[in-house]
$ cat protein.cif   # mmCIF, C-alpha atoms
data_query
#
loop_
_atom_site.label_atom_id
_atom_site.label_comp_id
_atom_site.auth_asym_id
_atom_site.auth_seq_id
_atom_site.Cartn_x
_atom_site.Cartn_y
_atom_site.Cartn_z
CA MET A 1 2.61 -20.39 22.56
CA ALA A 2 5.77 -20.79 20.47
CA ASN A 3 8.32 -18.01 20.41
CA SER A 4 7.82 -17.61 16.65
CA ASP A 5 4.07 -17.07 17.12
CA LEU A 6 4.74 -14.54 19.88
CA ALA A 7 7.23 -12.65 17.71
CA ILE A 8 4.83 -12.58 14.74
CA GLY A 9 2.00 -11.48 17.04
CA MET A 10 4.05 -8.58 18.38
CA ILE A 11 4.96 -7.50 14.83
CA PHE A 12 1.31 -7.50 13.77
CA LEU A 13 0.24 -5.73 16.95
CA THR A 14 2.86 -3.01 16.52
CA GLN A 15 2.01 -2.51 12.85
CA THR A 16 -1.72 -2.34 13.54
CA VAL A 17 -1.60 0.04 16.50
CA VAL A 18 1.04 2.37 15.05
CA GLY A 19 -0.54 2.37 11.59
CA ILE A 20 -4.11 2.98 12.73
CA LEU A 21 -3.11 5.76 15.14
CA GLY A 22 -0.94 7.41 12.48
CA ASN A 23 -3.62 7.29 9.80
CA LEU A 24 -6.37 8.44 12.17
CA SER A 25 -4.24 11.40 13.27
CA LEU A 26 -3.89 12.41 9.61
CA LEU A 27 -7.61 11.95 9.08
CA CYS A 28 -8.36 14.19 12.07
CA HIS A 29 -5.97 16.75 10.59
CA TYR A 30 -7.91 16.77 7.32
CA ILE A 31 -11.25 16.99 9.13
CA ILE A 32 -9.97 20.06 11.00
CA LEU A 33 -8.74 21.57 7.74
CA TYR A 34 -12.12 20.89 6.15
CA PHE A 35 -13.92 22.99 8.78
CA THR A 36 -11.28 25.70 9.18
CA GLU A 37 -9.62 26.27 5.79
CA TYR A 38 -11.34 28.52 3.27
CA ARG A 39 -9.88 26.65 0.33
CA LEU A 40 -8.55 23.10 0.47
CA ARG A 41 -6.06 21.67 -1.98
CA SER A 42 -7.37 19.38 -4.69
CA THR A 43 -5.06 16.61 -3.50
CA ASP A 44 -6.64 16.59 -0.03
CA LEU A 45 -9.64 14.59 -1.29
CA ILE A 46 -7.37 11.92 -2.74
CA LEU A 47 -5.36 11.73 0.47
CA ARG A 48 -8.53 11.38 2.58
CA HIS A 49 -9.63 8.39 0.50
CA LEU A 50 -6.12 6.96 0.75
CA ILE A 51 -6.22 7.24 4.54
CA VAL A 52 -9.61 5.51 4.70
CA ALA A 53 -8.25 2.71 2.48
CA ASN A 54 -5.18 2.35 4.73
CA VAL A 55 -7.29 2.13 7.88
CA SER A 56 -9.50 -0.49 6.24
CA SER A 57 -6.46 -2.58 5.30
CA LEU A 58 -4.98 -2.33 8.79
CA PHE A 59 -8.22 -3.23 10.57
CA CYS A 60 -9.13 -6.11 8.29
CA LYS A 61 -5.66 -7.64 8.02
CA GLY A 62 -3.70 -6.53 11.08
CA VAL A 63 -6.32 -7.23 13.75
CA PRO A 64 -7.26 -10.79 12.62
CA GLN A 65 -3.61 -11.72 12.03
CA THR A 66 -2.68 -10.46 15.49
CA MET A 67 -5.44 -12.51 17.13
CA ALA A 68 -4.49 -15.61 15.13
CA ALA A 69 -0.82 -15.24 16.08
CA PHE A 70 -1.74 -15.07 19.78
CA GLY A 71 -3.72 -18.31 19.58
CA TRP A 72 -7.26 -17.42 18.53
CA LYS A 73 -8.13 -19.43 15.42
CA HIS A 74 -11.94 -19.58 15.26
CA PHE A 75 -13.05 -16.07 16.18
CA LEU A 76 -14.63 -15.20 12.81
CA SER A 77 -17.84 -16.56 11.36
CA ASP A 78 -18.30 -17.38 7.71
CA VAL A 79 -19.68 -13.89 7.04
CA GLY A 80 -16.86 -12.34 9.07
CA CYS A 81 -14.19 -14.14 7.03
CA LYS A 82 -15.76 -13.07 3.76
CA LEU A 83 -16.05 -9.48 4.97
CA VAL A 84 -12.51 -8.99 6.33
CA PHE A 85 -10.84 -10.54 3.27
CA PHE A 86 -12.99 -8.52 0.89
CA LEU A 87 -12.54 -5.21 2.72
CA HIS A 88 -8.80 -5.74 3.03
CA ARG A 89 -8.43 -6.43 -0.67
CA VAL A 90 -10.59 -3.45 -1.63
CA GLY A 91 -8.68 -1.22 0.79
CA ARG A 92 -5.35 -2.45 -0.53
CA GLY A 93 -6.40 -1.89 -4.13
CA MET A 94 -7.83 1.51 -3.29
CA SER A 95 -4.55 2.50 -1.69
CA ILE A 96 -2.68 1.64 -4.90
CA GLY A 97 -5.30 3.36 -7.04
CA SER A 98 -5.27 6.53 -4.92
CA ILE A 99 -1.50 6.86 -5.17
CA CYS A 100 -1.78 6.32 -8.92
CA VAL A 101 -4.44 9.05 -9.30
CA LEU A 102 -2.46 11.37 -7.02
CA SER A 103 0.76 10.96 -8.97
CA VAL A 104 -0.94 11.57 -12.34
CA PHE A 105 -2.72 14.63 -10.95
CA GLN A 106 0.59 16.05 -9.70
CA VAL A 107 2.24 15.53 -13.09
CA ILE A 108 -0.55 17.54 -14.72
CA THR A 109 -0.36 20.22 -12.01
CA ILE A 110 3.36 20.95 -12.29
CA SER A 111 3.72 20.41 -16.03
CA HIS A 112 5.00 23.13 -18.33
CA ARG A 113 2.45 25.52 -19.78
CA ASN A 114 3.38 24.51 -23.28
CA SER A 115 3.31 20.79 -22.60
CA ARG A 116 0.63 18.37 -23.74
CA TRP A 117 -0.85 18.44 -20.23
CA ALA A 118 -1.44 22.21 -20.32
CA GLU A 119 -5.11 21.94 -21.35
CA LEU A 120 -5.83 19.58 -18.46
CA LYS A 121 -4.38 21.86 -15.78
CA VAL A 122 -7.63 23.76 -15.28
CA LYS A 123 -9.91 20.76 -15.76
CA ALA A 124 -7.94 18.25 -13.70
CA PRO A 125 -9.52 19.08 -10.29
CA ASN A 126 -12.96 18.37 -11.76
CA TYR A 127 -11.89 14.84 -12.69
CA ILE A 128 -10.64 13.86 -9.24
CA VAL A 129 -14.00 12.81 -7.76
CA PRO A 130 -15.04 10.67 -10.77
CA CYS A 131 -11.60 9.03 -10.84
CA ILE A 132 -11.69 8.21 -7.13
CA PHE A 133 -15.14 6.65 -7.31
CA LEU A 134 -14.16 4.76 -10.45
CA VAL A 135 -11.24 3.24 -8.56
CA TRP A 136 -13.56 2.20 -5.70
CA ILE A 137 -16.00 0.54 -8.10
CA LEU A 138 -13.19 -1.15 -10.01
CA GLN A 139 -11.68 -2.61 -6.84
CA VAL A 140 -15.06 -3.92 -5.67
CA LEU A 141 -15.57 -5.68 -9.00
CA VAL A 142 -12.03 -7.11 -9.20
CA ASN A 143 -12.19 -8.53 -5.66
CA ILE A 144 -15.78 -9.81 -5.75
CA SER A 145 -14.45 -13.38 -5.86
CA PHE A 146 -13.23 -13.26 -2.26
CA PRO A 147 -16.69 -13.40 -0.62
CA ILE A 148 -17.45 -16.38 -2.88
CA PHE A 149 -14.41 -18.55 -2.11
CA ILE A 150 -13.45 -17.49 1.44
CA THR A 151 -15.09 -19.31 4.35
CA ASP A 152 -14.55 -19.84 8.07
CA LYS A 153 -12.48 -22.74 9.37
CA LEU A 154 -15.33 -24.35 11.29
CA SER A 155 -17.19 -25.16 8.08
CA ASP A 156 -14.39 -27.26 6.59
CA LYS A 157 -14.23 -30.12 9.11
CA ASN A 158 -15.20 -32.70 6.50
CA ILE A 159 -13.65 -30.94 3.50
CA THR A 160 -10.00 -31.46 2.61
CA ASN A 161 -9.95 -29.32 -0.52
CA ARG A 162 -9.17 -26.10 1.38
CA LYS A 163 -6.35 -23.61 1.76
CA ASP A 164 -5.60 -22.68 5.36
CA PHE A 165 -5.14 -18.96 6.13
CA LEU A 166 -4.78 -19.43 9.92
CA TYR A 167 -8.15 -17.92 10.94
CA CYS A 168 -10.07 -18.51 7.69
CA SER A 169 -9.82 -20.79 4.67
CA SER A 170 -10.61 -20.78 0.99
CA VAL A 171 -11.69 -23.24 -1.65
CA ARG A 172 -8.78 -24.85 -3.48
CA HIS A 173 -8.97 -24.93 -7.27
CA ASP A 174 -6.90 -26.48 -10.01
CA LYS A 175 -3.59 -24.88 -10.97
CA LEU A 176 -4.93 -23.13 -14.07
CA THR A 177 -7.83 -21.53 -12.21
CA ASP A 178 -5.55 -20.35 -9.40
CA LEU A 179 -3.11 -18.94 -11.93
CA LEU A 180 -5.84 -17.04 -13.77
CA HIS A 181 -7.21 -15.72 -10.47
CA ALA A 182 -3.75 -14.54 -9.42
CA ALA A 183 -3.26 -12.85 -12.79
CA LEU A 184 -6.63 -11.11 -12.51
CA LEU A 185 -5.71 -9.75 -9.09
CA SER A 186 -2.22 -8.69 -10.20
CA VAL A 187 -3.12 -6.83 -13.41
CA PRO A 188 -4.55 -3.71 -11.67
CA ASP A 189 -1.60 -3.63 -9.26
CA VAL A 190 0.98 -3.90 -12.03
CA PHE A 191 -0.79 -1.26 -14.12
CA CYS A 192 -1.03 1.20 -11.21
CA LEU A 193 2.57 0.60 -10.18
CA GLY A 194 3.72 1.26 -13.74
CA VAL A 195 1.73 4.48 -14.02
CA MET A 196 2.89 5.63 -10.59
CA LEU A 197 6.56 4.99 -11.36
CA TRP A 198 6.25 6.82 -14.68
CA ALA A 199 4.48 9.76 -13.02
CA SER A 200 6.94 10.04 -10.14
CA SER A 201 9.90 9.92 -12.54
CA THR A 202 8.28 12.62 -14.66
CA MET A 203 7.69 14.80 -11.61
CA VAL A 204 11.28 14.51 -10.49
CA PHE A 205 12.48 15.36 -14.01
CA ILE A 206 10.20 18.42 -14.23
CA LEU A 207 11.28 19.67 -10.82
CA TYR A 208 14.93 19.14 -11.66
CA ARG A 209 14.63 21.13 -14.89
CA HIS A 210 12.75 23.87 -13.07
CA ARG A 211 15.43 24.04 -10.42
CA GLN A 212 18.10 24.38 -13.10
CA ARG A 213 16.21 27.29 -14.69
CA VAL A 214 15.73 29.26 -11.49
CA GLN A 215 19.00 28.36 -9.76
CA HIS A 216 20.52 31.73 -10.62
CA LEU A 217 17.68 33.43 -8.74
CA HIS A 218 18.56 31.80 -5.44
CA ARG A 219 20.96 33.72 -3.27
CA THR A 220 24.29 32.05 -2.74
CA LYS A 221 23.80 31.95 1.01
CA ILE A 222 20.77 29.73 0.63
CA SER A 223 21.55 26.06 0.46
CA PRO A 224 20.19 24.37 -2.69
CA SER A 225 18.90 21.52 -0.56
CA SER A 226 16.55 23.92 1.25
CA SER A 227 14.68 25.04 -1.87
CA PRO A 228 11.01 24.03 -2.25
CA GLU A 229 11.88 22.05 -5.39
CA SER A 230 14.49 19.99 -3.54
CA ARG A 231 12.19 19.26 -0.61
CA ALA A 232 9.34 18.28 -2.92
CA THR A 233 11.63 16.05 -4.96
CA LYS A 234 12.95 14.27 -1.87
CA THR A 235 9.41 13.74 -0.53
CA ILE A 236 8.21 12.35 -3.86
CA LEU A 237 11.16 9.99 -4.10
CA LEU A 238 10.72 8.80 -0.52
CA LEU A 239 6.97 8.28 -0.75
CA MET A 240 6.87 6.69 -4.18
CA SER A 241 9.93 4.46 -3.78
CA THR A 242 8.66 3.12 -0.45
CA PHE A 243 5.24 2.57 -1.96
CA ALA A 244 6.63 0.76 -5.01
CA TYR A 245 8.90 -1.45 -2.90
CA PHE A 246 6.30 -2.63 -0.38
CA TYR A 247 3.47 -3.15 -2.84
CA ALA A 248 5.61 -4.87 -5.45
CA LEU A 249 6.87 -7.21 -2.72
CA SER A 250 3.35 -7.74 -1.44
CA SER A 251 2.06 -8.54 -4.95
CA VAL A 252 4.76 -11.19 -5.43
CA PHE A 253 3.81 -12.91 -2.17
CA GLN A 254 0.13 -12.68 -3.08
CA VAL A 255 0.78 -14.52 -6.33
CA PHE A 256 2.64 -17.31 -4.50
CA LEU A 257 -0.16 -17.52 -1.96
CA SER A 258 -2.74 -17.86 -4.73
CA VAL A 259 -1.02 -20.60 -6.75
CA LEU A 260 0.24 -22.81 -3.89
CA ASN A 261 -2.14 -25.53 -2.71
CA ASN A 262 -0.82 -25.65 0.85
CA PRO A 263 0.86 -22.33 1.75
CA ASP A 264 2.97 -22.74 4.88
CA TRP A 265 2.85 -20.71 8.08
CA PHE A 266 5.74 -18.47 7.10
CA LEU A 267 4.34 -17.53 3.67
CA VAL A 268 0.90 -16.68 5.08
CA ASN A 269 2.40 -14.43 7.75
CA ILE A 270 5.04 -12.72 5.60
CA THR A 271 2.36 -11.97 2.99
CA ALA A 272 0.21 -10.33 5.66
CA ILE A 273 3.15 -8.37 7.10
CA THR A 274 4.17 -6.91 3.74
CA ALA A 275 0.53 -6.14 2.90
CA VAL A 276 0.21 -3.69 5.81
CA CYS A 277 3.73 -2.21 5.72
CA PHE A 278 2.88 0.75 3.51
CA PRO A 279 -0.39 1.66 5.31
CA THR A 280 1.64 1.63 8.54
CA VAL A 281 4.49 3.89 7.44
CA PHE A 282 2.48 6.15 5.10
CA PRO A 283 1.47 8.79 7.72
CA PHE A 284 5.06 9.15 8.87
CA LEU A 285 6.41 9.41 5.33
CA LEU A 286 3.90 12.16 4.62
CA LYS A 287 4.69 14.00 7.85
CA ASN A 288 8.41 13.66 7.18
CA GLY A 289 7.95 15.89 4.13
CA ASP A 290 6.69 18.72 6.32
CA SER A 291 7.38 18.76 10.04
CA SER A 292 4.60 21.23 10.72
CA VAL A 293 1.99 18.79 9.28
CA SER A 294 -0.32 21.67 8.45
CA ARG A 295 1.49 22.12 5.12
CA LEU A 296 1.84 18.72 3.56
CA CYS A 297 4.49 17.87 1.00
CA PHE A 298 2.31 18.48 -2.03
CA ALA A 299 1.72 22.08 -1.01
CA TRP A 300 5.28 22.77 -2.17
CA ILE A 301 4.45 21.43 -5.61
CA ARG A 302 1.28 23.48 -5.81
CA ASN A 303 3.18 26.71 -5.09
CA ILE A 304 5.89 26.15 -7.70
CA LYS A 305 5.27 28.39 -10.72
CA ILE A 306 6.67 26.70 -13.80
CA PRO A 307 6.44 28.84 -16.95
#
$ encode --input "protein.cif" --output "structure tokens"
Amino acid sequence: MANSDLAIGMIFLTQTVVGILGNLSLLCHYIILYFTEYRLRSTDLILRHLIVANVSSLFCKGVPQTMAAFGWKHFLSDVGCKLVFFLHRVGRGMSIGSICVLSVFQVITISHRNSRWAELKVKAPNYIVPCIFLVWILQVLVNISFPIFITDKLSDKNITNRKDFLYCSSVRHDKLTDLLHAALLSVPDVFCLGVMLWASSTMVFILYRHRQRVQHLHRTKISPSSSPESRATKTILLLMSTFAYFYALSSVFQVFLSVLNNPDWFLVNITAITAVCFPTVFPFLLKNGDSSVSRLCFAWIRNIKIP
């Protein structure tokens, strides 16, 4: 085994193990809250779906890539290849969609009473479940092409018109078809990233204005950086900026992977690494907002009373 393969294998193994354990610990936390808390926050449902999407992405991308890097190339059947690619893409898209729904919901929650979002404040929790299931359905429909074009490597012995993805392969099309396919896959990502960036910027602006209004109420001995508004703002900036960076980078690599006829070893691996970066670090970003874990970062936002 080459040193480069060993290094890539260790990266995938670390990402997969750390990411799955981190997300499962958060999921266990929410399960405990579900059976012990009298009233759960509305955002908890979104975060539970986000965790499930992250685990799906890590299992379906991290595990096969790790095995391929350590030398196993033909461990998946045709059905297995179709399934892992499809579930990874749906999980990845669901992760983006969940963050998008979460950010919009938070904008509505902390908006001013006299703003245009005021009427939605009371109704917003009722729209969470339909929005989440709509995102699931949308991602299934957008990524339905993967089970059609993805196949195992054993079935392409006499076929040269294939793209090699280390442990699976896909049918190679003409440039125009590949470009249209890449655009179709990128449109939901670009839309969600745009909405998320707008929502996070709006949240930071609202929190900043609120902090300016109530600053005279804080005692001078209390550091401004310790206020709930400051902590919430820092958590939002950390979570959303990390999310935007990794998924924008991942989307760029995905486009290159789609349009190139013969993607090389480095491009295939770097695309997979960036695809699972955010699911890996997400639990730790969320916990960083609240060291006690039992009060997650968005609890601060919920408790801020903005007139």
$ closest_atom_pairs --input "protein.cif" --of "range 4-71 of chain A" --to "range 252-269 of chain A" --cutoff "10 Å" --atoms "only C-alpha atoms" --output "Markdown table"
| residue | atom | partner | partner_atom | distance |
| --- | --- | --- | --- | --- |
| A:Ser4 | CA | A:Phe266 | CA | 9.8 |
| A:Asp5 | CA | A:Trp265 | CA | 9.8 |
| A:Ile8 | CA | A:Asn269 | CA | 7.6 |
| A:Gly9 | CA | A:Asn269 | CA | 9.8 |
| A:Phe12 | CA | A:Asn269 | CA | 9.2 |
| A:Gln65 | CA | A:Asn269 | CA | 7.9 |
| A:Ala69 | CA | A:Asn269 | CA | 9.0 |
$ write_last_selection --input "protein.cif" --atoms "C-alpha atoms" --output "short mmCIF file (atom, residue, chain, number, x, y, z; two decimals), in the coordinates of the input"
data_model
loop_
_atom_site.label_atom_id
_atom_site.label_comp_id
_atom_site.auth_asym_id
_atom_site.auth_seq_id
_atom_site.Cartn_x
_atom_site.Cartn_y
_atom_site.Cartn_z
CA SER A 4 7.82 -17.61 16.65
CA ASP A 5 4.07 -17.07 17.12
CA ILE A 8 4.83 -12.58 14.74
CA GLY A 9 2.00 -11.48 17.04
CA PHE A 12 1.31 -7.50 13.77
CA GLN A 65 -3.61 -11.72 12.03
CA ALA A 69 -0.82 -15.24 16.08
#
$ residues_around --input "protein.cif" --residues "Ala7 in chain A" --least-positions-apart "6" --cutoff "12 Å" --atoms "all atoms listed in the file" --output "list in words"
Met1, Leu13, Thr14, Thr66, Ala69, Phe70 and Asn269 of chain A
$ write_last_selection --input "protein.cif" --atoms "C-alpha atoms" --output "PDB file, keeping the file's coordinate frame"
ATOM      1  CA  MET A   1       2.610 -20.390  22.560  1.00  0.00           C
ATOM      2  CA  LEU A  13       0.240  -5.730  16.950  1.00  0.00           C
ATOM      3  CA  THR A  14       2.860  -3.010  16.520  1.00  0.00           C
ATOM      4  CA  THR A  66      -2.680 -10.460  15.490  1.00  0.00           C
ATOM      5  CA  ALA A  69      -0.820 -15.240  16.080  1.00  0.00           C
ATOM      6  CA  PHE A  70      -1.740 -15.070  19.780  1.00  0.00           C
ATOM      7  CA  ASN A 269       2.400 -14.430   7.750  1.00  0.00           C
TER       8      ASN A 269
END
$ residues_near_point --input "protein.cif" --point "(-12.2, -22.5, 8.0)" --cutoff "10 Å" --atoms "all atoms listed in the file" --output "list of chain:residue names"
A:Lys73, A:His74, A:Leu76, A:Ser77, A:Asp78, A:Cys81, A:Ile150, A:Thr151, A:Asp152, A:Lys153, A:Leu154, A:Ser155, A:Asp156, A:Lys157, A:Ile159, A:Arg162, A:Lys163, A:Asp164, A:Phe165, A:Leu166, A:Tyr167, A:Cys168, A:Ser169, A:Ser170, A:Val171
$ residues_near_point --input "protein.cif" --point "(-5.9, 6.7, 3.4)" --cutoff "10 Å" --atoms "only C-alpha atoms" --output "list in words"
Asn23, Leu24, Leu26, Leu27, Leu45, Ile46, Leu47, Arg48, His49, Leu50, Ile51, Val52, Ala53, Asn54, Val55, Ser56, Ser57, Gly91, Arg92, Met94, Ser95, Ser98, Ile99, Pro279, Phe282 and Pro283 of chain A
$ write_last_selection --input "protein.cif" --atoms "C-alpha atoms" --output "PDB file, in the coordinates of the input"
ATOM      1  CA  ASN A  23      -3.620   7.290   9.800  1.00  0.00           C
ATOM      2  CA  LEU A  24      -6.370   8.440  12.170  1.00  0.00           C
ATOM      3  CA  LEU A  26      -3.890  12.410   9.610  1.00  0.00           C
ATOM      4  CA  LEU A  27      -7.610  11.950   9.080  1.00  0.00           C
ATOM      5  CA  LEU A  45      -9.640  14.590  -1.290  1.00  0.00           C
ATOM      6  CA  ILE A  46      -7.370  11.920  -2.740  1.00  0.00           C
ATOM      7  CA  LEU A  47      -5.360  11.730   0.470  1.00  0.00           C
ATOM      8  CA  ARG A  48      -8.530  11.380   2.580  1.00  0.00           C
ATOM      9  CA  HIS A  49      -9.630   8.390   0.500  1.00  0.00           C
ATOM     10  CA  LEU A  50      -6.120   6.960   0.750  1.00  0.00           C
ATOM     11  CA  ILE A  51      -6.220   7.240   4.540  1.00  0.00           C
ATOM     12  CA  VAL A  52      -9.610   5.510   4.700  1.00  0.00           C
ATOM     13  CA  ALA A  53      -8.250   2.710   2.480  1.00  0.00           C
ATOM     14  CA  ASN A  54      -5.180   2.350   4.730  1.00  0.00           C
ATOM     15  CA  VAL A  55      -7.290   2.130   7.880  1.00  0.00           C
ATOM     16  CA  SER A  56      -9.500  -0.490   6.240  1.00  0.00           C
ATOM     17  CA  SER A  57      -6.460  -2.580   5.300  1.00  0.00           C
ATOM     18  CA  GLY A  91      -8.680  -1.220   0.790  1.00  0.00           C
ATOM     19  CA  ARG A  92      -5.350  -2.450  -0.530  1.00  0.00           C
ATOM     20  CA  MET A  94      -7.830   1.510  -3.290  1.00  0.00           C
ATOM     21  CA  SER A  95      -4.550   2.500  -1.690  1.00  0.00           C
ATOM     22  CA  SER A  98      -5.270   6.530  -4.920  1.00  0.00           C
ATOM     23  CA  ILE A  99      -1.500   6.860  -5.170  1.00  0.00           C
ATOM     24  CA  PRO A 279      -0.390   1.660   5.310  1.00  0.00           C
ATOM     25  CA  PHE A 282       2.480   6.150   5.100  1.00  0.00           C
ATOM     26  CA  PRO A 283       1.470   8.790   7.720  1.00  0.00           C
TER      27      PRO A 283
END
$ residues_around --input "protein.cif" --residues "Arg89 in chain A" --least-positions-apart "6" --cutoff "12 Å" --atoms "all atoms listed in the file" --output "PyMOL selection string"
chain A and resi 53-54+56-61+82-83+95-96+136+138-147+185-186+188-189+250-251+254+272+275-276
$ atom_distance --input "protein.cif" --atom1 "CA of Pro64 in chain A" --atom2 "CA of Leu193 in chain A"
27.3 Å
$ atom_distance --input "protein.cif" --atom1 "CA of Cys277 in chain A" --atom2 "CA of Phe85 in chain A"
17.0 Å
$ closest_residue --input "protein.cif" --among "A:Val204, A:Leu239, A:Leu102, A:Leu87" --to "Val129 in chain A" --atoms "only C-alpha atoms"
A:Leu102
$ closest_residue --input "protein.cif" --among "A:Thr242, A:Gln15, A:Thr177, A:Thr202" --to "Ile108 in chain A" --atoms "all atoms listed in the file"
A:Thr202
$ atom_distance --input "protein.cif" --atom1 "CA of Ala124 in chain A" --atom2 "CA of Met196 in chain A"
16.9 Å
$ closest_residue --input "protein.cif" --among "A:Ser111, A:Thr274, A:Asn126, A:Thr36" --to "Arg209 in chain A" --atoms "all atoms listed in the file"
A:Ser111
$ closest_residue --input "protein.cif" --among "A:Cys131, A:Met203, A:Gly62, A:Val122" --to "Gly97 in chain A" --atoms "all atoms listed in the file"
A:Cys131
$ closest_residue --input "protein.cif" --among "A:Thr16, A:Asn3, A:Ser103, A:Ser25" --to "Thr43 in chain A" --atoms "all atoms listed in the file"
A:Ser103
$ closest_residue --input "protein.cif" --among "A:Val104, A:Val84, A:Met67, A:Val195" --to "Leu6 in chain A" --atoms "only C-alpha atoms"
A:Met67
